[in-house]
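Engineer: The structure follows.
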Protein chains: 8
Amino acid sequence: MAKKKPLVSIVMGSDSDLPVMKEAASALEKFGIAYEIKVMSAHRTPDMSADFARNARKKGRKVIIAGAGGAAHLAGVIAAHTTLPVIGVPITSALDGLDSLLSTVQMPSGIPVATVAIGRAGATNAGILAAQIIGTSSKPMEKRLKAHKRELVRKVQAKNRKLEKQLG
Amino acid sequence: MAKKKPLVSIVMGSDSDLPVMKEAASALEKFGIAYEIKVMSAHRTPDMSADFARNARKKGRKVIIAGAGGAAHLAGVIAAHTTLPVIGVPITSALDGLDSLLSTVQMPSGIPVATVAIGRAGATNAGILAAQIIGTSSKPMEKRLKAHKRELVRKVQAKNRKLEKQLG
Amino acid sequence: MAKKKPLVSIVMGSDSDLPVMKEAASALEKFGIAYEIKVMSAHRTPDMSADFARNARKKGRKVIIAGAGGAAHLAGVIAAHTTLPVIGVPITSALDGLDSLLSTVQMPSGIPVATVAIGRAGATNAGILAAQIIGTSSKPMEKRLKAHKRELVRKVQAKNRKLEKQLG
Amino acid sequence: MAKKKPLVSIVMGSDSDLPVMKEAASALEKFGIAYEIKVMSAHRTPDMSADFARNARKKGRKVIIAGAGGAAHLAGVIAAHTTLPVIGVPITSALDGLDSLLSTVQMPSGIPVATVAIGRAGATNAGILAAQIIGTSSKPMEKRLKAHKRELVRKVQAKNRKLEKQLG
Amino acid sequence: MAKKKPLVSIVMGSDSDLPVMKEAASALEKFGIAYEIKVMSAHRTPDMSADFARNARKKGRKVIIAGAGGAAHLAGVIAAHTTLPVIGVPITSALDGLDSLLSTVQMPSGIPVATVAIGRAGATNAGILAAQIIGTSSKPMEKRLKAHKRELVRKVQAKNRKLEKQLG
Amino acid sequence: MAKKKPLVSIVMGSDSDLPVMKEAASALEKFGIAYEIKVMSAHRTPDMSADFARNARKKGRKVIIAGAGGAAHLAGVIAAHTTLPVIGVPITSALDGLDSLLSTVQMPSGIPVATVAIGRAGATNAGILAAQIIGTSSKPMEKRLKAHKRELVRKVQAKNRKLEKQLG
Amino acid sequence: MAKKKPLVSIVMGSDSDLPVMKEAASALEKFGIAYEIKVMSAHRTPDMSADFARNARKKGRKVIIAGAGGAAHLAGVIAAHTTLPVIGVPITSALDGLDSLLSTVQMPSGIPVATVAIGRAGATNAGILAAQIIGTSSKPMEKRLKAHKRELVRKVQAKNRKLEKQLG
Amino acid sequence: MAKKKPLVSIVMGSDSDLPVMKEAASALEKFGIAYEIKVMSAHRTPDMSADFARNARKKGRKVIIAGAGGAAHLAGVIAAHTTLPVIGVPITSALDGLDSLLSTVQMPSGIPVATVAIGRAGATNAGILAAQIIGTSSKPMEKRLKAHKRELVRKVQAKNRKLEKQLG
């Protein structure tokens, strides 16, 4: 992790979620965004989670990314204690992540959680969404986001060239 | 509500849940169990919820019944802050209560929520389950629970007599 | 709508979605955020949707809120054409909104959509999430968000007083 | 198993459920609660199940934990024959445990089953919930439950230290 | 109901299920099959249900039709106590009958329940299936079943004639 | 297969279903019931399926067991062409068998399919259900069914003895 | 219906499906495509359905639209007997049409059904899809399809003008 | 791929979909239909997708087959830009393909997507459906489709002969 003050916190309910949540970290690194990663649980360490959320803005964070599975309350509980945007990543569980998704997204009126896709794709997108949020007030980030879009196009073009060769 | 010190707290995410959660109160009244009812939200009033849960045992509560819908985090958040048994009642929502059920029941290892059925039947059963828990250390409650079971049988017998006449 | 240049665009697949998406507008108004509302469809008016999304940043928008039901592609298609954060509101449909939710949230790696709850609660939360995103670079918005949280607490307290009287 | 008279019975529909239900036993052992484990089926041995349930209280049991999969009727059938609290553990099956969960939790008004999460996490939590129920009338158990909560916090703290070193 | 000894018993968890289960009775009447209707619950009157099932064959029953909703255990519990074929009718509930269907059909190896469709169509078909089972050893019933099939065809033909006139 | 005239036909949509449907054959063999097994498809060989169903009763069949997966139409299509009881076995597919189950069980009023559980347990139970249907008019079969129930009890008892030794 | 020889047949499982399937007819009329409507059931009139499908091509039909609900086998059974493209419309049922959708779309390899959305939107789209299929070999139809697309755009534009006035 | 001008385009959201979508290509080859395969994404390369769809008819394509997973917007986005029939293949994803299916099939009124089964069976059927569409105006294709149906029958007959030998 960079020495710059983190703009984004990545939190997750258990260290077993790290292989998924690392994708969020990778995405942030691509956009040059400093971040921190912490394990905390809405249920096992509720006070740590509340303290973390209450102080996140003061510490200079701009976005919080929270990943959890099953009855995935972490993102919602964090959102209850902060006015920062909170991005929820539903992690695959007993019911293929449907429980995690519904527990994360179906928040009551008043306290939103910005929910992304289940699993790794969602974690990557959480990082990109954080960059987009930061990009609403940062010209350099806006440029990197445009470069990211061009890269997506180039990758698809390369796949087509490869496919053409392969199928002849 | 009786003047006796409440043994059971009924909490719910919104006062719109009252028509459902009243059934829990009715069940407790049948068993002569004093209770209190409060509105509190895991997301809108997280500190109130945490304080409530932390102090519940000291105040003499033995069981907490928590009803919520959608991303129903209330029971889980209460359970995070107490060692009392917490009964969760999933309340019907956008997805017929499936989201509420999964958000309530799929708790991670370490912090259980005793989940009952979706909606009114669940609220009634939450009251009866509280009586059963209290009944594990109370002979009089045990007697009332046996009487309750006999009453269930009598009601079915009465229904059969009515049915016989009707179809006769 | 205010004469100020809109910071947020609310778009929806059909004018039949207006009763839901109005809640997003109401939330934005509470936070003093200028917005515009437009009907556009990923399928019926794909070029209008693409043009809209391509030009949104240039026109000064900071966030786009997109509501759609069924195979709800609007938010994803908008997100494909912009680097702004896009908030997706799944609108209730044939399958209670489960199809709308999955079509909105399960975006592939590379193009996030910040998805909120199904229906009205989601639309309200989309407005609040937009305020949170704007609040990452606006002190006044941060203050309004804190006031919003205090208001949520006061409303629950008022409900409890009312409940006490009612049951008292 | 301890020589003390069991306070908790763990029953399961098939011995193939043992790897899951052992987690309930492990949790009970942590809390120093004597238990017994038995195989019985609501469908294959209905009389054994009914006799077991009818006599459980007389034999000194305080809580019954029942695990079953598919059309998981065991917990409900046990609950029909006793006034003790019955905890249901839905075991993963053909439909990822959704069938087991719904068959266990959706009990009709009058006969509750305290349902926990699908699979191993649920089995562990069933043991903890039993301890919480016993803890409503036992100071020593209350202390062990508080220690359990502190242990959960310590484990998360240790994970964070490990994560810091790893990513550091 | 006819004075003939009933060949089929229709049982249901609650008298609120009567509007659905009457369709089974109507179907049996069409085939001239004597039946009885009783309310009994796997959970509220488990002994009545067990006794009923144990004695059904001795009393001359050939088929049992059991309707229930939610955690619909009735058909399974009846099947546990008899060697007669048991037909299960899932009755619509909180989750549109999906819980009832899964609780009825997902029986473990060894104890089948012949499950039909959710609700009224299922109740009608339970009656016809009972006729088909009786028809495996009754020539007159076989004839009535063939007549029933011809009637289905005639009804569709009549609908087509009506449609032609209407659209004409 | 025995040389006796088959009383039961087992049909399946594809030979890839054989590992599942063999369980039905094994169950029938236990009860001494002669059977035949055939591959036929509602979609690939509709005429073969219709001819088979139309002639099954004439050929002495008493019950037809049909297994299929996905849009599992085989049981329904067979039932359309016969007055014999048809047992449907939903076979696991892309959606864990939920599609197979719903396609098999949700038959319209007039044409029942006796549906059993998804997969192997269902196939075994299809064989037992066939025995129960034959047992409605056969004393020897009734005896074997009672013996089957006693065997189920003995197996559970043996499991308990084994478990006691193991946990001892 | 026009006197021209029908190019498209609309069939449905029951006349209760007419309010939905009329939308397919309306769409065909817009494109000037002659059609017929018939009630036929995969289960109640299997021979009529098979005969219809076998002869459809000879009679000059180019596309068949089949609507059915529940265990919706009609489209699949029609497809089994013809080489014409068959469009399946899942009609809302006990499970909100999820059962109808899965029964229609999950066809086995070899026999496709072109499935459209559940209910009225699906029926309209079935008509348009039929026009698109006919349009693959008809210049005039291609023109009408382009006009249809322009009309969709104009309608959205009109809605935006109305919305602007309304919100003004 | 043949040198003939392609009549069918197969497009897919990612080259990881190739193992599934190859089945569509194989089916087209069997029917002697020239095709092309391309990777394009509704989200990563929206302009490429729109351009492709706008020009497909001009280039002589008659049918487009689009495969995608998760929030599977590709088929819908293609359909938005063409009047050709578009066949959607839902590809298995986090939720077993249920999300892909609903995102593909639940299109709004006005823009149909002809959806086939999830995964490989669906891809094969997409190829056959394309042949059926082309066959509405091609006698030789009609003949090949009839031969295909006869082949399906022969394969089932061969499986039965094999089964008979195997089971003896």
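By order in the structure tokens, chains are A, B, ...; within a chain, residues start at 1; ligands start at 1, following the order shown.
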Using only C-alpha atoms, which protein or nucleic acid residues come within 6 Å of segment 68-84 of chain E? Drop anything in the same chain fewer than 2 positions from it, and give the result as a ChimeraX atom specification.

Structural biologist: /D:43,103,106-107 /E:12-13,42,53-54,63,66,86,88,90-91,93,99-100,103-104 /F:132

Engineer: Listing only residues of chain G within 7 Å of chain E, what is the closest atom pair and its distance in Å (to one decimal) for each, using only C-alpha atoms, sorted by chain and residue number ascending, as CSV?

Structural biologist:
residue,atom,partner,partner_atom,distance
G:Met1,CA,E:Leu167,CA,7.0
G:Asp15,CA,E:Lys159,CA,6.8
G:Lys38,CA,E:Asn160,CA,6.2
G:Val39,CA,E:Asn160,CA,5.8
G:Met40,CA,E:Val156,CA,6.6
G:Arg44,CA,E:Leu152,CA,5.6
G:Thr45,CA,E:Val153,CA,5.5
G:Ala94,CA,E:Asp96,CA,6.6
G:Leu95,CA,E:Asp96,CA,6.0

Engineer: Store the residues picked out above in a file with all heavy atoms, as a PDB file, in the first residue's frame.

Structural biologist:
ATOM      1  N   MET G   1     -60.207 -10.889 -38.043  1.00  0.00           N
ATOM      2  CA  MET G   1     -59.033 -11.414 -38.720  1.00  0.00           C
ATOM      3  C   MET G   1     -59.191 -11.279 -40.239  1.00  0.00           C
ATOM      4  O   MET G   1     -60.274 -11.470 -40.782  1.00  0.00           O
ATOM      5  CB  MET G   1     -58.818 -12.876 -38.335  1.00  0.00           C
ATOM      6  CG  MET G   1     -57.851 -13.042 -37.158  1.00  0.00           C
ATOM      7  SD  MET G   1     -57.585 -14.767 -36.789  1.00  0.00           S
ATOM      8  CE  MET G   1     -59.246 -15.243 -36.311  1.00  0.00           C
ATOM      9  N   ASP G  15     -58.559 -20.429 -22.925  1.00  0.00           N
ATOM     10  CA  ASP G  15     -59.109 -19.141 -23.366  1.00  0.00           C
ATOM     11  C   ASP G  15     -58.916 -18.058 -22.302  1.00  0.00           C
ATOM     12  O   ASP G  15     -59.048 -16.872 -22.598  1.00  0.00           O
ATOM     13  CB  ASP G  15     -60.577 -19.266 -23.781  1.00  0.00           C
ATOM     14  CG  ASP G  15     -61.432 -19.827 -22.673  1.00  0.00           C
ATOM     15  OD1 ASP G  15     -60.882 -20.315 -21.674  1.00  0.00           O
ATOM     16  OD2 ASP G  15     -62.670 -19.767 -22.802  1.00  0.00           O
ATOM     17  N   LYS G  38     -56.037 -19.928 -31.884  1.00  0.00           N
ATOM     18  CA  LYS G  38     -56.682 -21.182 -31.506  1.00  0.00           C
ATOM     19  C   LYS G  38     -56.332 -21.539 -30.055  1.00  0.00           C
ATOM     20  O   LYS G  38     -55.230 -21.239 -29.592  1.00  0.00           O
ATOM     21  CB  LYS G  38     -56.201 -22.335 -32.397  1.00  0.00           C
ATOM     22  CG  LYS G  38     -56.848 -22.339 -33.758  1.00  0.00           C
ATOM     23  CD  LYS G  38     -56.417 -23.552 -34.553  1.00  0.00           C
ATOM     24  CE  LYS G  38     -56.969 -23.478 -35.966  1.00  0.00           C
ATOM     25  NZ  LYS G  38     -58.448 -23.346 -36.023  1.00  0.00           N
ATOM     26  N   VAL G  39     -57.280 -22.163 -29.380  1.00  0.00           N
ATOM     27  CA  VAL G  39     -57.012 -22.733 -28.059  1.00  0.00           C
ATOM     28  C   VAL G  39     -56.623 -24.191 -28.242  1.00  0.00           C
ATOM     29  O   VAL G  39     -57.328 -24.944 -28.925  1.00  0.00           O
ATOM     30  CB  VAL G  39     -58.259 -22.642 -27.148  1.00  0.00           C
ATOM     31  CG1 VAL G  39     -57.989 -23.315 -25.808  1.00  0.00           C
ATOM     32  CG2 VAL G  39     -58.661 -21.186 -26.933  1.00  0.00           C
ATOM     33  N   MET G  40     -55.497 -24.568 -27.684  1.00  0.00           N
ATOM     34  CA  MET G  40     -55.147 -25.997 -27.675  1.00  0.00           C
ATOM     35  C   MET G  40     -54.193 -26.216 -26.519  1.00  0.00           C
ATOM     36  O   MET G  40     -53.493 -25.297 -26.094  1.00  0.00           O
ATOM     37  CB  MET G  40     -54.527 -26.434 -28.992  1.00  0.00           C
ATOM     38  CG  MET G  40     -53.206 -25.817 -29.323  1.00  0.00           C
ATOM     39  SD  MET G  40     -52.633 -26.296 -30.987  1.00  0.00           S
ATOM     40  CE  MET G  40     -53.871 -25.537 -32.021  1.00  0.00           C
ATOM     41  N   ARG G  44     -54.355 -31.318 -22.415  1.00  0.00           N
ATOM     42  CA  ARG G  44     -55.770 -31.699 -22.541  1.00  0.00           C
ATOM     43  C   ARG G  44     -56.080 -32.163 -23.957  1.00  0.00           C
ATOM     44  O   ARG G  44     -56.916 -33.038 -24.155  1.00  0.00           O
ATOM     45  CB  ARG G  44     -56.643 -30.496 -22.167  1.00  0.00           C
ATOM     46  CG  ARG G  44     -56.476 -30.111 -20.712  1.00  0.00           C
ATOM     47  CD  ARG G  44     -57.426 -28.974 -20.326  1.00  0.00           C
ATOM     48  NE  ARG G  44     -56.985 -28.395 -19.069  1.00  0.00           N
ATOM     49  CZ  ARG G  44     -56.564 -27.133 -18.907  1.00  0.00           C
ATOM     50  NH1 ARG G  44     -56.569 -26.301 -19.939  1.00  0.00           N
ATOM     51  NH2 ARG G  44     -56.172 -26.698 -17.732  1.00  0.00           N
ATOM     52  N   THR G  45     -55.425 -31.560 -24.948  1.00  0.00           N
ATOM     53  CA  THR G  45     -55.669 -31.952 -26.349  1.00  0.00           C
ATOM     54  C   THR G  45     -54.334 -32.202 -27.048  1.00  0.00           C
ATOM     55  O   THR G  45     -53.964 -31.498 -27.996  1.00  0.00           O
ATOM     56  CB  THR G  45     -56.457 -30.849 -27.106  1.00  0.00           C
ATOM     57  OG1 THR G  45     -55.651 -29.649 -27.106  1.00  0.00           O
ATOM     58  CG2 THR G  45     -57.774 -30.530 -26.445  1.00  0.00           C
ATOM     59  N   ALA G  94     -49.158 -19.038 -10.709  1.00  0.00           N
ATOM     60  CA  ALA G  94     -48.999 -19.099  -9.255  1.00  0.00           C
ATOM     61  C   ALA G  94     -47.685 -18.475  -8.790  1.00  0.00           C
ATOM     62  O   ALA G  94     -47.648 -17.752  -7.793  1.00  0.00           O
ATOM     63  CB  ALA G  94     -49.078 -20.556  -8.792  1.00  0.00           C
ATOM     64  N   LEU G  95     -46.613 -18.748  -9.489  1.00  0.00           N
ATOM     65  CA  LEU G  95     -45.302 -18.261  -9.074  1.00  0.00           C
ATOM     66  C   LEU G  95     -44.874 -17.039  -9.891  1.00  0.00           C
ATOM     67  O   LEU G  95     -43.709 -16.906 -10.259  1.00  0.00           O
ATOM     68  CB  LEU G  95     -44.272 -19.388  -9.157  1.00  0.00           C
ATOM     69  CG  LEU G  95     -44.493 -20.518  -8.150  1.00  0.00           C
ATOM     70  CD1 LEU G  95     -43.613 -21.712  -8.477  1.00  0.00           C
ATOM     71  CD2 LEU G  95     -44.208 -20.043  -6.731  1.00  0.00           C
TER      72      LEU G  95
END

Engineer: Could you jot down the atom CA of Lys58 of chain E to atom CA of Ser41 of chain E separation for me, Å, one decimal place?

Structural biologist: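 Interatomic distance here is 21.1 Å.
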
Engineer: Would you list, as a ChimeraX atom specification, the residues of chain D that end up in strand (DSSP E or B) under DSSP run on this structure's backbone?

Structural biologist: /D:8-12,35-39,63-69,86-91,114-115

Engineer: Got a sec to tell me which of segment 21-79 of chain F DSSP assigns to alpha helix (DSSP H), as a list in words?

Structural biologist: Met21, Lys22, Glu23, Ala24, Ala25, Ser26, Ala27, Leu28, Glu29, Lys30, Pro46, Asp47, Met48, Ser49, Ala50, Asp51, Phe52, Ala53, Arg54, Asn55, Ala56, Leu74, Ala75, Gly76, Val77, Ile78 and Ala79 of chain F

Engineer: Atoms to include: C-alpha atoms. Write the selected residues as a CSV table (one decimal), in the first residue's frame.

Structural biologist:
chain,number,residue,atom,x,y,z
F,21,MET,CA,-33.2,-43.3,-12.9
F,22,LYS,CA,-31.5,-46.5,-12.0
F,23,GLU,CA,-32.4,-45.7,-8.4
F,24,ALA,CA,-36.1,-46.1,-9.4
F,25,ALA,CA,-35.2,-49.5,-10.9
F,26,SER,CA,-33.4,-50.6,-7.8
F,27,ALA,CA,-36.4,-49.6,-5.6
F,28,LEU,CA,-38.8,-51.6,-7.9
F,29,GLU,CA,-36.5,-54.6,-7.7
F,30,LYS,CA,-36.6,-54.5,-3.9
F,46,PRO,CA,-42.8,-36.9,-29.5
F,47,ASP,CA,-44.6,-39.6,-31.5
F,48,MET,CA,-42.7,-42.4,-29.8
F,49,SER,CA,-43.7,-40.9,-26.4
F,50,ALA,CA,-47.3,-40.5,-27.4
F,51,ASP,CA,-47.5,-44.1,-28.8
F,52,PHE,CA,-45.8,-45.4,-25.7
F,53,ALA,CA,-48.2,-43.6,-23.4
F,54,ARG,CA,-51.3,-44.6,-25.4
F,55,ASN,CA,-50.4,-48.3,-25.3
F,56,ALA,CA,-49.0,-48.6,-21.8
F,74,LEU,CA,-41.8,-35.7,-20.5
F,75,ALA,CA,-44.0,-36.7,-17.6
F,76,GLY,CA,-46.7,-34.2,-18.6
F,77,VAL,CA,-46.7,-35.3,-22.2
F,78,ILE,CA,-47.0,-38.9,-21.1
F,79,ALA,CA,-49.8,-38.0,-18.7

Engineer: Show which residues sit within 9 Å of Ala131 of chain A, as JSON, numbers by chain. Count only C-alpha atoms, and ignore same-chain residues fewer than 5 positions away.

Structural biologist: {"A": [27, 28, 31, 33, 126, 136, 141, 142, 144, 145], "C": [85]}

Engineer: Let's have the selection written as a PDB file, in the first residue's frame, with N, CA, C and O atoms.

Structural biologist:
ATOM      1  N   ALA A  27      -7.884  -2.645  -8.467  1.00  0.00           N
ATOM      2  CA  ALA A  27      -8.510  -1.599  -9.281  1.00  0.00           C
ATOM      3  C   ALA A  27      -8.085  -0.224  -8.778  1.00  0.00           C
ATOM      4  O   ALA A  27      -7.731   0.662  -9.572  1.00  0.00           O
ATOM      5  N   LEU A  28      -8.096  -0.029  -7.459  1.00  0.00           N
ATOM      6  CA  LEU A  28      -7.690   1.274  -6.910  1.00  0.00           C
ATOM      7  C   LEU A  28      -6.240   1.587  -7.275  1.00  0.00           C
ATOM      8  O   LEU A  28      -5.902   2.722  -7.613  1.00  0.00           O
ATOM      9  N   PHE A  31      -5.778   3.055 -10.588  1.00  0.00           N
ATOM     10  CA  PHE A  31      -6.164   4.466 -10.682  1.00  0.00           C
ATOM     11  C   PHE A  31      -5.300   5.344  -9.769  1.00  0.00           C
ATOM     12  O   PHE A  31      -5.569   6.536  -9.621  1.00  0.00           O
ATOM     13  N   ILE A  33      -4.982   5.318  -6.531  1.00  0.00           N
ATOM     14  CA  ILE A  33      -5.714   5.770  -5.342  1.00  0.00           C
ATOM     15  C   ILE A  33      -5.185   5.025  -4.116  1.00  0.00           C
ATOM     16  O   ILE A  33      -5.186   3.787  -4.090  1.00  0.00           O
ATOM     17  N   ALA A 126     -16.185  -2.168  -7.610  1.00  0.00           N
ATOM     18  CA  ALA A 126     -16.215  -1.282  -6.438  1.00  0.00           C
ATOM     19  C   ALA A 126     -15.031  -0.324  -6.499  1.00  0.00           C
ATOM     20  O   ALA A 126     -15.173   0.878  -6.220  1.00  0.00           O
ATOM     21  N   THR A 136     -15.468  12.783  -9.727  1.00  0.00           N
ATOM     22  CA  THR A 136     -16.456  13.870  -9.887  1.00  0.00           C
ATOM     23  C   THR A 136     -15.850  15.218  -9.477  1.00  0.00           C
ATOM     24  O   THR A 136     -16.398  16.266  -9.808  1.00  0.00           O
ATOM     25  N   MET A 141      -8.249  12.323 -12.278  1.00  0.00           N
ATOM     26  CA  MET A 141      -8.943  11.033 -12.181  1.00  0.00           C
ATOM     27  C   MET A 141      -9.874  10.849 -13.370  1.00  0.00           C
ATOM     28  O   MET A 141      -9.995   9.749 -13.906  1.00  0.00           O
ATOM     29  N   GLU A 142     -10.523  11.894 -13.781  1.00  0.00           N
ATOM     30  CA  GLU A 142     -11.399  11.829 -14.955  1.00  0.00           C
ATOM     31  C   GLU A 142     -10.611  11.308 -16.163  1.00  0.00           C
ATOM     32  O   GLU A 142     -11.090  10.459 -16.912  1.00  0.00           O
ATOM     33  N   ARG A 144      -7.890   9.466 -16.123  1.00  0.00           N
ATOM     34  CA  ARG A 144      -7.578   8.029 -15.955  1.00  0.00           C
ATOM     35  C   ARG A 144      -8.803   7.157 -16.241  1.00  0.00           C
ATOM     36  O   ARG A 144      -8.695   6.055 -16.775  1.00  0.00           O
ATOM     37  N   LEU A 145      -9.979   7.679 -15.897  1.00  0.00           N
ATOM     38  CA  LEU A 145     -11.209   6.913 -16.161  1.00  0.00           C
ATOM     39  C   LEU A 145     -11.451   6.799 -17.672  1.00  0.00           C
ATOM     40  O   LEU A 145     -11.902   5.754 -18.156  1.00  0.00           O
TER      41      LEU A 145
ATOM     42  N   PRO C  85     -20.237   8.486 -12.135  1.00  0.00           N
ATOM     43  CA  PRO C  85     -20.919   7.412 -11.393  1.00  0.00           C
ATOM     44  C   PRO C  85     -22.387   7.334 -11.793  1.00  0.00           C
ATOM     45  O   PRO C  85     -23.054   8.364 -11.897  1.00  0.00           O
TER      46      PRO C  85
END

Engineer: I need the residue nearest Ser14 of chain C from this list: C:Glu36, C:Val105, C:Lys59, C:Gly67. Use only C-alpha atoms for the distance.

Structural biologist: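 For Ser14 of chain C, the nearest of the candidates is C:Gly67.
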
Engineer: Write out as a ChimeraX atom specification which residues come within 7 Å of Gly122 of chain B when counting only C-alpha atoms, dropping same-chain ones fewer than 5 positions away.

Structural biologist: /B:89,116-117 /D:109

Engineer: Provide the atom CA of Lys5 of chain G to atom CA of Ile65 of chain G distance in Å, to one decimal place.

Structural biologist: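 Atom CA of Lys5 of chain G sits 16.1 Å away from atom CA of Ile65 of chain G.
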